[in-house]
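A.B. asks: So here's protein-v3.txt, just compact mmCIF, C-alpha atoms and all ligand atoms:
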# COMPACT_ATOMS: atom_id res chain seq x y z
CA ASP A 1 27.69 -6.63 32.88
CA THR A 2 25.08 -5.36 30.44
CA ASN A 3 21.42 -6.08 31.04
CA SER A 4 19.51 -4.54 28.17
CA PRO A 5 16.13 -5.49 26.71
CA PHE A 6 17.67 -4.64 23.32
CA LEU A 7 20.32 -7.34 23.79
CA GLU A 8 18.40 -9.98 25.74
CA PHE A 9 14.89 -11.36 25.53
CA ASN A 10 12.70 -11.50 28.64
CA SER A 11 9.50 -13.48 28.31
CA SER A 12 7.54 -11.50 30.91
CA ILE A 13 7.35 -7.78 31.69
CA PRO A 14 9.27 -6.78 34.83
CA GLU A 15 8.12 -3.89 37.00
CA SER A 16 9.65 -0.71 35.46
CA GLY A 17 10.84 -2.77 32.47
CA LEU A 18 10.64 -1.12 29.07
CA VAL A 19 7.44 -1.96 27.16
CA LEU A 20 6.44 -0.68 23.75
CA ALA A 21 2.65 -0.30 23.88
CA TRP A 22 1.32 -0.77 20.35
CA LEU A 23 -1.84 1.31 19.90
CA THR A 24 -2.10 1.51 16.12
CA ARG A 25 0.18 0.91 13.17
CA ASP A 26 1.47 4.50 13.48
CA ASN A 27 1.33 4.88 17.23
CA THR A 28 3.54 2.91 19.61
CA LYS A 29 4.21 4.35 23.04
CA PRO A 30 7.26 3.43 25.15
CA LEU A 31 6.49 3.10 28.87
CA ARG A 32 7.76 1.54 32.08
CA PRO A 33 4.94 0.05 34.15
CA VAL A 34 4.73 1.10 37.80
CA LYS A 35 1.96 0.05 40.17
CA GLY A 36 -0.76 2.70 40.55
CA SER A 37 -0.16 4.32 37.16
CA ALA A 38 -2.16 4.00 33.97
CA LEU A 39 -1.79 4.69 30.26
CA HIS A 40 -4.68 6.86 29.06
CA THR A 41 -5.43 6.70 25.33
CA ARG A 42 -8.37 7.33 23.03
CA PHE A 43 -8.93 3.56 23.11
CA GLY A 44 -9.40 3.61 26.88
CA SER A 45 -7.21 3.42 29.99
CA PHE A 46 -4.74 0.63 30.66
CA GLN A 47 -3.56 -0.10 34.20
CA HIS A 48 0.19 -0.54 34.57
CA SER A 49 -0.46 -3.16 37.30
CA SER A 50 -2.10 -5.40 34.63
CA MET A 51 1.05 -5.14 32.53
CA ILE A 52 3.54 -6.19 35.22
CA SER A 53 4.37 -9.93 34.94
CA SER A 54 2.28 -10.30 31.74
CA LYS A 55 3.99 -11.98 28.82
CA TYR A 56 5.47 -9.67 26.20
CA GLY A 57 3.11 -9.83 23.21
CA THR A 58 -0.01 -9.86 25.40
CA GLN A 59 -3.13 -8.13 24.12
CA LEU A 60 -4.41 -5.98 26.99
CA ALA A 61 -8.05 -4.88 27.16
CA SER A 62 -8.96 -1.40 28.34
CA SER A 63 -10.05 -1.07 31.97
CA SER A 64 -12.48 1.75 31.08
CA SER A 65 -16.09 0.58 31.37
CA ASN A 66 -17.21 2.61 28.35
CA GLN A 67 -14.39 1.69 25.93
CA ALA A 68 -13.63 -1.75 24.53
CA GLY A 69 -10.18 -0.87 23.12
CA PHE A 70 -7.03 -2.93 23.46
CA ILE A 71 -3.27 -2.54 23.05
CA TYR A 72 -0.38 -4.95 22.55
CA LEU A 73 2.52 -5.00 25.01
CA LEU A 74 5.59 -5.53 22.85
CA HIS A 75 9.19 -6.36 23.69
CA PRO A 76 11.69 -3.61 22.73
CA THR A 77 13.57 -4.13 19.47
CA PRO A 78 15.54 -1.53 17.48
CA GLU A 79 12.90 -1.80 14.73
CA LEU A 80 10.00 -0.96 17.07
CA TRP A 81 12.10 1.60 18.92
CA SER A 82 12.73 3.60 15.73
CA LEU A 83 8.93 3.74 15.26
CA SER A 84 8.24 4.88 18.81
CA LEU A 85 11.26 6.97 19.86
CA PRO A 86 10.95 10.66 20.63
CA HIS A 87 12.30 12.33 17.46
CA ARG A 88 15.00 14.96 17.97
CA THR A 89 16.19 14.78 14.35
CA GLN A 90 15.55 12.95 11.10
CA ILE A 91 16.27 9.30 11.79
CA VAL A 92 17.48 6.20 9.97
CA TYR A 93 14.58 3.74 9.56
CA THR A 94 14.82 -0.04 9.47
CA PRO A 95 14.90 -0.51 5.65
CA ASP A 96 18.07 1.62 5.44
CA ALA A 97 19.49 0.42 8.77
CA SER A 98 19.33 -3.27 7.85
CA TYR A 99 20.92 -2.63 4.44
CA ILE A 100 23.73 -0.51 5.91
CA VAL A 101 24.51 -3.05 8.66
CA GLN A 102 24.94 -5.90 6.20
CA ARG A 103 26.89 -3.82 3.64
CA LEU A 104 29.32 -2.68 6.36
CA ARG A 105 29.54 -6.34 7.47
CA ILE A 106 28.79 -5.39 11.06
CA ARG A 107 28.27 -8.41 13.32
CA PRO A 108 28.68 -9.47 16.97
CA GLY A 109 31.98 -8.11 18.25
CA SER A 110 32.34 -5.41 15.54
CA LYS A 111 33.72 -1.98 16.41
CA VAL A 112 31.88 0.92 14.79
CA ILE A 113 32.21 4.72 14.65
CA GLU A 114 28.98 6.70 14.18
CA ALA A 115 28.43 10.46 13.73
CA GLY A 116 26.06 12.18 14.44
CA THR A 117 24.13 10.33 17.08
CA GLY A 118 20.96 12.38 16.40
CA SER A 119 17.96 10.56 17.92
CA ALA A 120 20.06 7.38 18.35
CA SER A 121 17.72 5.34 16.16
CA PHE A 122 20.55 3.77 14.16
CA THR A 123 22.68 3.51 17.32
CA HIS A 124 20.14 1.00 18.71
CA ALA A 125 20.27 -1.11 15.52
CA LEU A 126 24.08 -1.06 15.67
CA ALA A 127 24.17 -1.96 19.37
CA ARG A 128 21.88 -4.96 18.91
CA THR A 129 24.09 -6.22 16.05
CA VAL A 130 27.51 -5.79 17.68
CA ALA A 131 26.07 -7.19 20.96
CA LYS A 132 27.91 -7.37 24.27
CA ASN A 133 31.42 -7.86 22.89
CA GLY A 134 31.19 -5.09 20.31
CA ARG A 135 31.70 -1.36 20.59
CA ILE A 136 29.93 1.70 19.13
CA TRP A 137 31.65 5.07 19.47
CA THR A 138 28.99 7.64 18.61
CA PHE A 139 29.58 11.42 18.31
CA GLU A 140 27.15 14.35 18.50
CA PHE A 141 28.00 18.07 18.55
CA HIS A 142 24.58 19.39 19.66
CA GLU A 143 24.91 19.33 23.44
CA PRO A 144 21.25 18.84 24.53
CA ARG A 145 20.87 16.07 21.91
CA PHE A 146 24.08 14.43 23.13
CA GLU A 147 22.84 14.56 26.77
CA ILE A 148 19.46 13.03 25.89
CA ALA A 149 21.04 10.27 23.79
CA LYS A 150 23.56 9.45 26.52
CA LYS A 151 20.79 9.20 29.15
CA GLU A 152 18.64 7.07 26.84
CA ILE A 153 21.53 4.69 26.13
CA GLU A 154 22.09 4.34 29.91
CA ASP A 155 18.35 3.83 30.56
CA HIS A 156 18.33 1.08 27.95
CA GLY A 157 21.33 -0.66 29.53
CA LEU A 158 23.42 -0.13 26.41
CA ASP A 159 26.19 2.02 27.93
CA GLY A 160 28.52 -0.98 28.16
CA VAL A 161 28.41 -1.25 24.36
CA VAL A 162 27.73 2.32 23.20
CA LYS A 163 30.10 5.15 24.16
CA CYS A 164 28.56 8.58 23.57
CA SER A 165 30.87 11.56 23.02
CA HIS A 166 30.17 15.24 22.59
CA GLY A 167 32.12 17.07 19.90
CA ASP A 168 32.33 18.39 16.37
CA VAL A 169 33.86 15.61 14.29
CA CYS A 170 34.30 17.88 11.26
CA VAL A 171 36.48 20.32 13.19
CA ASN A 172 38.15 18.26 15.94
CA GLY A 173 37.93 14.73 14.61
CA PHE A 174 36.79 11.72 16.62
CA ILE A 175 37.90 12.42 20.20
CA PRO A 176 36.10 10.02 22.55
CA ALA A 177 34.89 10.94 26.03
CA CYS A 178 36.09 7.53 27.27
CA ASP A 179 39.79 6.59 27.48
CA GLU A 180 39.55 3.85 24.87
CA ILE A 181 41.71 3.59 21.76
CA LEU A 182 39.46 3.62 18.72
CA ASP A 183 40.13 0.96 16.09
CA ALA A 184 36.86 0.74 14.20
CA SER A 185 36.35 -1.47 11.16
CA ALA A 186 33.07 0.20 10.18
CA VAL A 187 32.11 3.89 9.96
CA PHE A 188 28.68 5.43 9.51
CA LEU A 189 28.40 9.18 8.86
CA ASP A 190 24.95 10.81 8.96
CA LEU A 191 26.12 14.45 8.89
CA PRO A 192 25.49 17.44 6.61
CA SER A 193 29.20 17.60 5.60
CA PRO A 194 30.73 14.10 5.81
CA TRP A 195 33.60 15.20 3.52
CA LEU A 196 34.92 17.35 6.38
CA ALA A 197 34.93 14.39 8.81
CA ILE A 198 36.47 11.76 6.47
CA PRO A 199 40.08 13.10 6.62
CA HIS A 200 39.95 12.75 10.45
CA LEU A 201 39.20 9.02 10.26
CA LYS A 202 42.72 7.71 9.55
CA THR A 203 43.79 7.84 13.20
CA VAL A 204 40.71 6.11 14.63
CA ILE A 205 40.15 3.19 12.26
CA SER A 206 41.71 -0.25 12.31
CA LYS A 207 45.24 -0.45 10.95
CA GLU A 208 44.99 -4.19 10.42
CA LYS A 209 41.56 -4.82 8.96
CA ILE A 210 39.60 -3.63 5.96
CA VAL A 211 37.48 -0.67 7.04
CA ARG A 212 34.09 -0.05 5.47
CA ILE A 213 32.28 3.29 5.40
CA CYS A 214 28.74 4.46 4.64
CA CYS A 215 27.79 8.13 4.29
CA PHE A 216 24.08 8.96 4.45
CA SER A 217 23.20 12.14 2.51
CA PRO A 218 19.89 13.46 1.25
CA CYS A 219 21.18 15.34 -1.80
CA MET A 220 23.35 14.55 -4.79
CA GLU A 221 25.70 17.54 -4.30
CA GLN A 222 26.63 16.14 -0.88
CA VAL A 223 27.22 12.72 -2.45
CA GLN A 224 29.54 14.27 -5.06
CA ARG A 225 31.63 16.10 -2.48
CA THR A 226 31.80 12.96 -0.32
CA ILE A 227 32.98 10.86 -3.26
CA GLU A 228 35.68 13.40 -4.19
CA THR A 229 37.04 13.28 -0.63
CA LEU A 230 36.83 9.48 -0.38
CA GLN A 231 38.86 9.22 -3.61
CA LYS A 232 41.43 11.72 -2.38
CA GLU A 233 41.79 9.80 0.91
CA GLY A 234 42.39 6.47 -0.85
CA TRP A 235 39.01 4.78 -0.27
CA LEU A 236 38.14 2.17 -2.90
CA ASP A 237 35.14 0.60 -4.61
CA ILE A 238 33.03 3.71 -4.09
CA GLU A 239 29.38 3.05 -4.82
CA MET A 240 26.18 4.99 -4.26
CA VAL A 241 22.90 3.24 -3.46
CA GLU A 242 19.38 4.40 -2.79
CA VAL A 243 17.09 2.18 -0.74
CA SER A 244 13.60 2.61 -2.13
CA CYS A 245 11.32 0.54 0.01
CA LYS A 246 7.96 -0.45 -1.41
CA ARG A 247 5.61 -3.21 -0.38
CA TRP A 248 3.90 -5.12 -3.15
CA GLU A 249 0.58 -6.85 -2.75
CA ALA A 250 -0.65 -9.83 -4.73
CA ARG A 251 -4.41 -10.35 -5.00
CA LYS A 252 -7.20 -11.33 -7.34
CA GLU A 253 -9.51 -8.92 -9.10
CA MET A 254 -12.82 -9.99 -10.58
CA ILE A 255 -13.07 -9.79 -14.35
CA ARG A 256 -16.03 -7.56 -15.15
CA LYS A 257 -17.69 -7.60 -18.55
CA PRO A 258 -19.13 -4.62 -20.46
CA GLN A 259 -22.46 -6.48 -20.50
CA ASP A 260 -22.50 -6.30 -16.68
CA ALA A 261 -22.05 -2.52 -16.86
CA ILE A 262 -24.95 -2.21 -19.34
CA GLU A 263 -27.11 -4.35 -17.06
CA ARG A 264 -26.20 -2.14 -14.12
CA LEU A 265 -27.27 1.02 -16.01
CA ARG A 266 -30.53 -0.66 -16.99
CA ASP A 267 -31.05 -1.63 -13.36
CA ILE A 268 -30.58 1.97 -12.20
CA LYS A 269 -33.00 3.25 -14.84
CA ARG A 270 -35.55 0.58 -13.99
CA ARG A 271 -35.44 1.40 -10.28
CA ARG A 272 -35.77 5.13 -11.00
CA ASN A 273 -38.83 4.53 -13.19
CA GLU A 274 -40.35 2.31 -10.52
CA GLY A 275 -39.81 5.03 -7.91
CA LEU A 276 -41.39 7.70 -10.15
CA LYS A 277 -44.35 5.45 -10.89
CA LYS A 278 -44.95 4.75 -7.22
CA ARG A 279 -44.66 8.44 -6.33
CA ASN A 280 -47.19 9.41 -9.04
CA GLU A 281 -49.58 6.72 -7.91
CA ARG A 282 -49.31 7.90 -4.30
CA LYS A 283 -49.92 11.49 -5.37
CA LEU A 284 -52.97 10.49 -7.39
CA ALA A 285 -54.35 8.47 -4.49
CA GLU A 286 -53.95 11.41 -2.15
CA GLU A 287 -55.55 13.85 -4.60
CA GLN A 288 -58.55 11.72 -5.42
CA ASN A 289 -58.73 10.15 -1.98
CA ASP A 290 -59.68 7.10 -4.00
CA GLU A 291 -59.43 3.94 -1.93
CA ALA A 292 -59.19 1.71 -4.98
CA VAL A 293 -56.14 3.54 -6.29
CA SER A 294 -54.57 3.53 -2.86
CA GLU A 295 -55.02 -0.23 -2.68
CA ALA A 296 -53.40 -0.66 -6.12
CA GLN A 297 -50.43 1.37 -4.94
CA GLU A 298 -49.98 -0.81 -1.84
CA ASN A 299 -50.08 -3.91 -4.00
CA ALA A 300 -47.51 -2.42 -6.32
CA ALA A 301 -45.16 -1.74 -3.40
CA ALA A 302 -45.44 -5.31 -2.22
CA THR A 303 -44.89 -6.79 -5.67
CA PRO A 304 -41.40 -8.01 -6.50
CA ALA A 305 -39.42 -5.91 -8.93
CA GLU A 306 -39.65 -8.55 -11.70
CA LYS A 307 -43.35 -7.91 -12.08
CA HIS A 308 -42.70 -4.34 -13.30
CA VAL A 309 -39.88 -5.01 -15.65
CA PRO A 310 -39.53 -7.55 -18.33
CA ASP A 311 -35.71 -7.90 -18.21
CA LYS A 312 -33.93 -9.53 -15.24
CA PRO A 313 -32.98 -7.14 -12.39
CA PHE A 314 -30.27 -7.75 -9.78
CA LEU A 315 -31.87 -9.15 -6.65
CA PRO A 316 -30.40 -7.99 -3.30
CA SER A 317 -29.42 -11.60 -2.59
CA GLU A 318 -27.56 -11.84 -5.89
CA TYR A 319 -24.07 -10.64 -6.75
CA ASN A 320 -24.25 -7.29 -8.52
CA PRO A 321 -20.81 -6.51 -9.98
CA TRP A 322 -21.52 -2.79 -10.21
CA GLY A 323 -23.44 -1.98 -7.07
CA LYS A 324 -24.90 -3.26 -3.81
CA GLY A 325 -25.64 -6.94 -3.47
CA LYS A 326 -24.25 -10.18 -2.12
CA ARG A 327 -20.63 -9.99 -0.89
CA VAL A 328 -18.32 -12.18 -2.92
CA HIS A 329 -15.07 -13.37 -1.36
CA GLU A 330 -11.81 -12.93 -3.27
CA GLY A 331 -11.21 -15.93 -5.53
CA GLU A 332 -14.72 -17.45 -4.92
CA ASP A 333 -15.75 -20.18 -7.35
CA GLY A 334 -18.30 -19.31 -10.01
CA TYR A 335 -16.67 -16.00 -10.97
CA GLU A 336 -13.78 -15.13 -13.25
CA TRP A 337 -10.64 -13.69 -11.58
CA LYS A 338 -7.29 -12.29 -12.70
CA ASP A 339 -4.12 -11.92 -10.59
CA VAL A 340 -3.03 -8.32 -9.97
CA SER A 341 -0.33 -6.63 -7.92
CA LYS A 342 -0.64 -3.24 -6.31
CA VAL A 343 1.86 -1.07 -4.45
CA GLU A 344 0.82 -0.37 -0.89
CA ALA A 345 1.55 2.99 0.72
CA GLU A 346 5.32 3.31 1.11
CA LEU A 347 6.89 2.06 4.29
CA LYS A 348 8.41 4.60 6.63
CA SER A 349 11.91 5.17 5.39
CA HIS A 350 14.04 8.26 4.98
CA THR A 351 15.06 8.73 1.36
CA SER A 352 18.77 9.42 1.39
CA TYR A 353 21.63 8.31 -0.79
CA LEU A 354 24.04 5.82 0.74
CA THR A 355 27.66 6.09 -0.37
CA PHE A 356 29.75 3.01 0.39
CA ALA A 357 33.50 2.46 0.12
CA TYR A 358 36.28 0.50 1.80
CA LEU A 359 39.84 1.24 2.80
CA PRO A 360 42.47 -1.51 2.76
CA PRO A 361 44.71 -1.61 5.85
CA PRO A 362 48.13 0.05 5.68
CA VAL A 363 49.59 -2.87 7.69
CA GLN A 364 49.28 -6.29 6.12
CA GLY A 365 49.33 -9.78 7.63
CA LYS A 366 52.61 -11.71 8.22
CA ASP A 367 52.34 -13.42 4.84
CA GLY A 368 51.61 -10.10 3.13
CA ASN A 369 47.87 -10.81 2.83
CA ILE A 370 45.22 -8.37 3.94
CA VAL A 371 43.42 -9.45 7.12
CA SER A 372 39.92 -9.16 5.78
CA GLU A 373 37.84 -8.89 8.99
N1 LIG A 401 21.43 8.72 12.41
C1 LIG A 401 20.69 9.39 13.45
C2 LIG A 401 19.50 8.57 13.88
O1 LIG A 401 19.21 7.51 13.25
O2 LIG A 401 18.81 8.93 14.85
C3 LIG A 401 20.26 10.76 13.01
C4 LIG A 401 21.40 11.70 12.74
S1 LIG A 401 20.86 13.35 12.50
C5 LIG A 401 20.19 13.32 10.91
C6 LIG A 401 22.36 14.18 12.28
C7 LIG A 401 23.00 14.58 13.60
O3 LIG A 401 24.35 14.93 13.33
C8 LIG A 401 22.36 15.77 14.25
O4 LIG A 401 21.95 15.44 15.54
C9 LIG A 401 23.47 16.82 14.28
O5 LIG A 401 23.44 17.62 15.43
C10 LIG A 401 24.71 15.97 14.22
N2 LIG A 401 25.88 16.64 13.63
C11 LIG A 401 25.90 17.42 12.54
N3 LIG A 401 27.16 17.84 12.28
C12 LIG A 401 27.95 17.28 13.24
C13 LIG A 401 29.34 17.35 13.51
N4 LIG A 401 30.15 18.06 12.75
N5 LIG A 401 29.82 16.64 14.57
C14 LIG A 401 28.99 15.90 15.34
N6 LIG A 401 27.65 15.84 15.13
C15 LIG A 401 27.13 16.52 14.10
Starting from the file, give its structure as structure tokens.
C.D. replies:
Amino acid sequence: DTNSPFLEFNSSIPESGLVLAWLTRDNTKPLRPVKGSALHTRFGSFQHSSMISSKYGTQLASSSSNQAGFIYLLHPTPELWSLSLPHRTQIVYTPDASYIVQRLRIRPGSKVIEAGTGSASFTHALARTVAKNGRIWTFEFHEPRFEIAKKEIEDHGLDGVVKCSHGDVCVNGFIPACDEILDASAVFLDLPSPWLAIPHLKTVISKEKIVRICCFSPCMEQVQRTIETLQKEGWLDIEMVEVSCKRWEARKEMIRKPQDAIERLRDIKRRRNEGLKKRNERKLAEEQNDEAVSEAQENAAATPAEKHVPDKPFLPSEYNPWGKGKRVHEGEDGYEWKDVSKVEAELKSHTSYLTFAYLPPPVQGKDGNIVSE
């Protein structure tokens, strides 16, 4: 029976249970808490003993006396795992993974072929989707990478669902290490030459259901060769898609008038003149050692700015649209605002082209209809 934090939710952190320690937006560290150990970071040290039995999602304060940092103890998910996993290769990120899973109609109980395994980022997303009754047969020809992925899948309790095999699928086809008969209804190929692997698929895909495929390739020449092979092998409805993930932001921007800019320039000039005047007065006072002049200078320094200038300056307590002054909150009454949208920095996603197609089954249902799933 499978007991995996990627398939089941635990509310509290067990000793040696997988925790994803969230340090910053770009830095999440996987760890397994054991009594007596600590996580040392630039935000301070965090005792493993304080993590054990805490609720997942807890904010943990640093135990270092000189650092007030904190981390979040998060429950493993394929999304967080792909942000924290040790990279052995380029990986499939969540924006692509979620799109591929729904286009291939993968769901609990689905049977999927994947090659290559790489860093097993997508393998985790697939495993969570197919769940305990599904099956992922994943292939990798780079031996050390295969060994690491296999161990990781076992450590994560996913070996009941994911079967890792070592081999070159372009040369030898999809020969599993386990003694199962492969009858996948979804195929995902993230390989440099998917067109060499496609002809080997016929013997390992379902003979009764529609089979869907996705090939993940970074360049157009690879896409073209893949499409030619898919056509030759009888795959239908071939379509190429690029997932371009951008986050949009909606906010208000204050409407600033040219008159405000002119006022700002006048303000700068006025302050400069004031400064020069005060400096000259101070110089004169020093030179003449004249107490009367010195007194005048002190008075001038204590006098509000308005006294020196006829037109209205920006007071520090006032809102100054072009410089320092009172902080105005977005959308605050008394100011004019317009709605704007701005693209935030792109989300982490690997820009590859996704080629989709499907293959109808050679064997049809009793009434001659295709069994769709
Ligand atoms: N999708 C993976 C992930 O999300 O972590 C990354 C896959 S990585 C880009 C491609 C992998 O395919 C590499 O690990 C490579 O060794 C493997 N590979 C390349 N050609 C192969 C072949 N003919 N048979 C099996 N594996 C192959």
A.B. asks: For atom CA of His156 of chain A and atom CA of Phe6 of chain A, determine how far apart the two atoms are, in Å to one decimal place.
C.D. replies: 7.4 Å
A.B. asks: Pick the closest to Glu249 of chain A from A:Ile71, A:Ala184, A:Val343, A:Ala177: which is it, counting only C-alpha atoms?
C.D. replies: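 Answer, going by the shortest atom-to-atom distance: A:Val343.
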A.B. asks: Under the rule that only C-alpha atoms and all ligand atoms are counted, which of A:Thr58, A:Lys111, A:Leu196, A:Asp159 is the nearest residue to ligand LIG 401 (chain A)?
C.D. replies: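 Result for the nearest residue to ligand LIG 401 (chain A): A:Leu196.
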A.B. asks: I need the residue nearest His87 of chain A from this list: A:Ile113, A:Ile148, A:Ile255, A:Ile153. Use only C-alpha atoms for the distance.
C.D. replies: A:Ile148
A.B. asks: Please list, as a list in words, the residues that have an atom at most 10 Å away from (35.9, 10.1, 10.2) in the coordinates of this file, counting only C-alpha atoms.
C.D. replies: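 Within the cut-off we find Ile113, Glu114, Ala115, Val169, Cys170, Gly173, Phe174, Val187, Phe188, Leu189, Pro194, Trp195, Leu196, Ala197, Ile198, Pro199, His200, Leu201, Lys202, Thr203, Val204, Ile205 and Ile213 of chain A.
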A.B. asks: Nearest to ligand LIG 401 (chain A) among A:Ile106, A:Leu80, A:Val171, A:Leu60, with distances taken over only C-alpha atoms and all ligand atoms: which residue is it?
C.D. replies: A:Val171
A.B. asks: Neighbours of ligand LIG 401 (chain A) at 6 Å or closer, counting all atoms listed in the file: which residues, as a list in words?
C.D. replies: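 If we count all atoms listed in the file, the neighbours of ligand LIG 401 (chain A) turn out to be Thr89, Gln90, Ile91, Val92, Ala115, Gly116, Thr117, Gly118, Ser119, Ala120, Ser121, Phe122, Phe139, Glu140, Phe141, His142, Gly167, Asp168, Val169, Cys170, Asp190, Leu191 and Pro192 of chain A.
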A.B. asks: Store the residues picked out above, limited to C-alpha atoms, as a compact mmCIF listing (two decimals), in the frame of the given file.
C.D. replies:
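This went into part16.txt:
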# COMPACT_ATOMS: atom_id res chain seq x y z
CA THR A 89 16.19 14.78 14.35
CA GLN A 90 15.55 12.95 11.10
CA ILE A 91 16.27 9.30 11.79
CA VAL A 92 17.48 6.20 9.97
CA ALA A 115 28.43 10.46 13.73
CA GLY A 116 26.06 12.18 14.44
CA THR A 117 24.13 10.33 17.08
CA GLY A 118 20.96 12.38 16.40
CA SER A 119 17.96 10.56 17.92
CA ALA A 120 20.06 7.38 18.35
CA SER A 121 17.72 5.34 16.16
CA PHE A 122 20.55 3.77 14.16
CA PHE A 139 29.58 11.42 18.31
CA GLU A 140 27.15 14.35 18.50
CA PHE A 141 28.00 18.07 18.55
CA HIS A 142 24.58 19.39 19.66
CA GLY A 167 32.12 17.07 19.90
CA ASP A 168 32.33 18.39 16.37
CA VAL A 169 33.86 15.61 14.29
CA CYS A 170 34.30 17.88 11.26
CA ASP A 190 24.95 10.81 8.96
CA LEU A 191 26.12 14.45 8.89
CA PRO A 192 25.49 17.44 6.61
A.B. asks: Would you list the contacts of segment 37-41 of chain A as a ChimeraX atom specification, taking every protein, DNA or RNA residue within 12 Å and counting only C-alpha atoms, but skipping same-chain residues closer than 5 positions in sequence?
C.D. replies: /A:15-16,19-24,27-32,46-52,60-64,67-71,73
A.B. asks: Could you tell me how far atom CA of Tyr56 of chain A sits from atom CA of Phe9 of chain A, in Å to one decimal place?
C.D. replies: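 Atom CA of Tyr56 of chain A lies 9.6 Å from atom CA of Phe9 of chain A.
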A.B. asks: Report the distance between atom CA of Asn3 of chain A and atom CA of Ala149 of chain A in Å, rounded to one decimal place.
C.D. replies: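 These two atoms are separated by 17.9 Å.
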A.B. asks: Quick one: residues within 8 Å of Trp137 of chain A, only C-alpha atoms counted, chain neighbours fewer than 6 positions away excluded, as a PyMOL selection string?
C.D. replies: chain A and resi 111-114+162-165+176+182
A.B. asks: I'd like to know which of A:Arg88, A:Arg247, A:His75, A:Lys278 is closest to Phe146 of chain A, using all atoms listed in the file.
C.D. replies: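 Of A:Arg88, A:Arg247, A:His75, A:Lys278, the one nearest Phe146 of chain A, counting all atoms listed in the file, is A:Arg88.
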A.B. asks: Need to verify the contact set: Val243 of chain A, 7 Å, all atoms listed in the file, exclusion of same-chain residues closer than 2 positions in sequence. Can you return it as a VMD selection string?
C.D. replies: chain A and resid 96 241 245
A.B. asks: Of the candidates A:Arg251, A:Lys55, A:Lys246, A:Lys151, which one gets nearest to Thr351 of chain A if we count all atoms listed in the file?
C.D. replies: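 When distances to Thr351 of chain A are compared using all atoms listed in the file, the smallest one comes from A:Lys246.
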A.B. asks: Could you give me the axis-aligned bounding box of segment 260-266 of chain A, with 3 Å of padding per side, as centre plus edge lengths in Å to one decimal, as AutoDock Vina command-line options?
C.D. replies:
--center_x -26.3 --center_y -2.6 --center_z -16.7 --size_x 14.5 --size_y 13.3 --size_z 11.2
